[in-house]
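Report on the structure given below.
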Amino acid sequence: MSSAADTIDIRVIRSADPAEITRLYRLAGWWEEDWNGDFIMPMLAGSAVVAGAFDGSGRLIGFGRAVSDGASDAYIQDVVVDPDFRRRGIAGTMVRLLLRELRDRGVDWIGLIGAPGTRGLYERCGFEVMPDHLPMRWSGNMSDLTEESTATEK
């Protein structure tokens, strides 16, 4: 028999309590102590689709989002589930929800960079490794962006 505490509600959301997102990011090890969280509301507003998972009391226990141009390409990001609720299919359900929403909007190229240990989750959702591609992250500084350093050679 399941109780209200066992019920997980996963749905598209437009907003969330920044403190709850911060809590999930901390649990995932993604939060830098010097961050103030001012970016969370603009991050949500700038996302194409946001999924939230809520326990029976309404507490946010899972989160994921997609960024997109809204026409052809999208990337799924920040999929996180509270460790107390992992291994229940919540992350997969959120990812499939994000995929359905993106596909319903006509987006046909959807990618992601998964954290170590998440390959099985994403493969079960239909993703495959792109062996000839290289995920990269910019770690430069503003001086790398001067006109001289970005000019193409003739």
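Residue names in the structure tokens use chain letters A, B, ... in the order shown, residue numbers from 1 in each chain, and ligand numbers from 1 in the order shown.
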
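Proximity to Ala51 in chain A at 7 Å, evaluated using only C-alpha atoms and with sequence-adjacent residues fewer than 6 positions away removed, yields A:Ile10, A:Arg11, A:Val12, A:Ile13, A:Phe63, A:Gly64, A:Arg65, A:Met94, A:Leu98.
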
Go through range 4-117 of chain A and flag each residue having an atom no more than 12 Å from range 131-143 of chain A; for those, report the closest pair of atoms plus their distance in Å to one decimal, using only C-alpha atoms, ordered by chain and rising number, as CSV.
```
residue,atom,partner,partner_atom,distance
A:Gly111,CA,A:Pro135,CA,10.6
A:Leu112,CA,A:Pro135,CA,9.2
A:Ile113,CA,A:Pro135,CA,7.1
A:Gly114,CA,A:Pro135,CA,10.1
A:Ala115,CA,A:Pro135,CA,11.7
```

Let me see the file: selected residues, N, CA and C atoms, as a PDB file, in the first residue's frame.
```pdb
ATOM      1  N   GLY A 111      20.820  16.714 -27.365  1.00  0.00           N
ATOM      2  CA  GLY A 111      22.052  16.151 -26.839  1.00  0.00           C
ATOM      3  C   GLY A 111      22.184  16.430 -25.350  1.00  0.00           C
ATOM      4  N   LEU A 112      23.240  15.876 -24.788  1.00  0.00           N
ATOM      5  CA  LEU A 112      23.566  16.126 -23.382  1.00  0.00           C
ATOM      6  C   LEU A 112      24.983  15.668 -23.115  1.00  0.00           C
ATOM      7  N   ILE A 113      25.528  16.115 -22.015  1.00  0.00           N
ATOM      8  CA  ILE A 113      26.788  15.588 -21.496  1.00  0.00           C
ATOM      9  C   ILE A 113      26.456  15.021 -20.131  1.00  0.00           C
ATOM     10  N   GLY A 114      26.566  13.718 -20.016  1.00  0.00           N
ATOM     11  CA  GLY A 114      26.215  13.049 -18.763  1.00  0.00           C
ATOM     12  C   GLY A 114      27.393  12.995 -17.809  1.00  0.00           C
ATOM     13  N   ALA A 115      27.085  13.097 -16.544  1.00  0.00           N
ATOM     14  CA  ALA A 115      28.109  12.956 -15.503  1.00  0.00           C
ATOM     15  C   ALA A 115      28.589  11.506 -15.466  1.00  0.00           C
TER      16      ALA A 115
END
```

>> What parts of range 47-123 of chain A does DSSP call alpha helix (DSSP H)? I'd like the answer as a list in words.
In response: Ile90, Ala91, Gly92, Thr93, Met94, Val95, Arg96, Leu97, Leu98, Leu99, Arg100, Glu101, Leu102, Arg103, Asp104, Arg119, Gly120, Leu121, Tyr122 and Glu123 of chain A

>> With DSSP run on the backbone, what are the strand (DSSP E) residues within chain A? I'd like them as a ChimeraX atom specification.
In response: /A:9-12,49-54,60-68,73-81,109-112

Output file for the residues above (C-alpha atoms, as a PDB file, in the first residue's frame):
```
ATOM      1  CA  ASP A   9       4.655  13.919  -8.958  1.00  0.00           C
ATOM      2  CA  ILE A  10       6.796  14.679 -12.021  1.00  0.00           C
ATOM      3  CA  ARG A  11       5.696  17.524 -14.239  1.00  0.00           C
ATOM      4  CA  VAL A  12       6.765  20.485 -16.349  1.00  0.00           C
ATOM      5  CA  VAL A  49      11.577  23.238 -20.604  1.00  0.00           C
ATOM      6  CA  VAL A  50      11.997  22.549 -16.897  1.00  0.00           C
ATOM      7  CA  ALA A  51      10.919  19.357 -15.147  1.00  0.00           C
ATOM      8  CA  GLY A  52      10.367  19.030 -11.427  1.00  0.00           C
ATOM      9  CA  ALA A  53       9.791  15.974  -9.265  1.00  0.00           C
ATOM     10  CA  PHE A  54       7.932  16.475  -5.996  1.00  0.00           C
ATOM     11  CA  LEU A  60      11.232  19.425  -4.834  1.00  0.00           C
ATOM     12  CA  ILE A  61      13.229  16.183  -4.911  1.00  0.00           C
ATOM     13  CA  GLY A  62      14.255  16.157  -8.589  1.00  0.00           C
ATOM     14  CA  PHE A  63      15.005  18.702 -11.252  1.00  0.00           C
ATOM     15  CA  GLY A  64      16.087  18.803 -14.889  1.00  0.00           C
ATOM     16  CA  ARG A  65      15.960  21.270 -17.704  1.00  0.00           C
ATOM     17  CA  ALA A  66      16.546  21.721 -21.409  1.00  0.00           C
ATOM     18  CA  VAL A  67      18.044  24.687 -23.196  1.00  0.00           C
ATOM     19  CA  SER A  68      17.111  25.143 -26.825  1.00  0.00           C
ATOM     20  CA  ASP A  73      18.557  21.872 -31.292  1.00  0.00           C
ATOM     21  CA  ALA A  74      18.389  21.326 -27.546  1.00  0.00           C
ATOM     22  CA  TYR A  75      20.569  20.155 -24.701  1.00  0.00           C
ATOM     23  CA  ILE A  76      19.358  18.505 -21.526  1.00  0.00           C
ATOM     24  CA  GLN A  77      21.107  19.792 -18.432  1.00  0.00           C
ATOM     25  CA  ASP A  78      21.137  19.663 -14.652  1.00  0.00           C
ATOM     26  CA  VAL A  79      19.281  16.384 -14.157  1.00  0.00           C
ATOM     27  CA  VAL A  80      19.499  15.778 -10.419  1.00  0.00           C
ATOM     28  CA  VAL A  81      17.566  13.717  -7.879  1.00  0.00           C
ATOM     29  CA  TRP A 109      18.372  17.186 -32.288  1.00  0.00           C
ATOM     30  CA  ILE A 110      18.719  16.685 -28.545  1.00  0.00           C
ATOM     31  CA  GLY A 111      22.052  16.151 -26.839  1.00  0.00           C
ATOM     32  CA  LEU A 112      23.566  16.126 -23.382  1.00  0.00           C
TER      33      LEU A 112
END
```

> Using only C-alpha atoms, which of the listed residues (A:Ala71, A:Val107, A:Ile40, A:Gly46) sits closest to Tyr25 in chain A?
Replying inline: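 Once distances to Tyr25 in chain A are computed over only C-alpha atoms, the minimum belongs to A:Ile40.
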
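With CA of Ala48 in chain A on one side and CA of Trp35 in chain A on the other, the separation reads 23.5 Å.
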
> Can you tell me how far CA of Ser72 in chain A sits from CA of Asp104 in chain A, in Å to one decimal?
Replying inline: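 Separating CA of Ser72 in chain A from CA of Asp104 in chain A is a distance of 11.6 Å.
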
> What is the CA of Thr93 in chain A to CA of Leu44 in chain A distance in Å?
Replying inline: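 Taking CA of Thr93 in chain A as the start and CA of Leu44 in chain A as the end point, the length is 19.4 Å.
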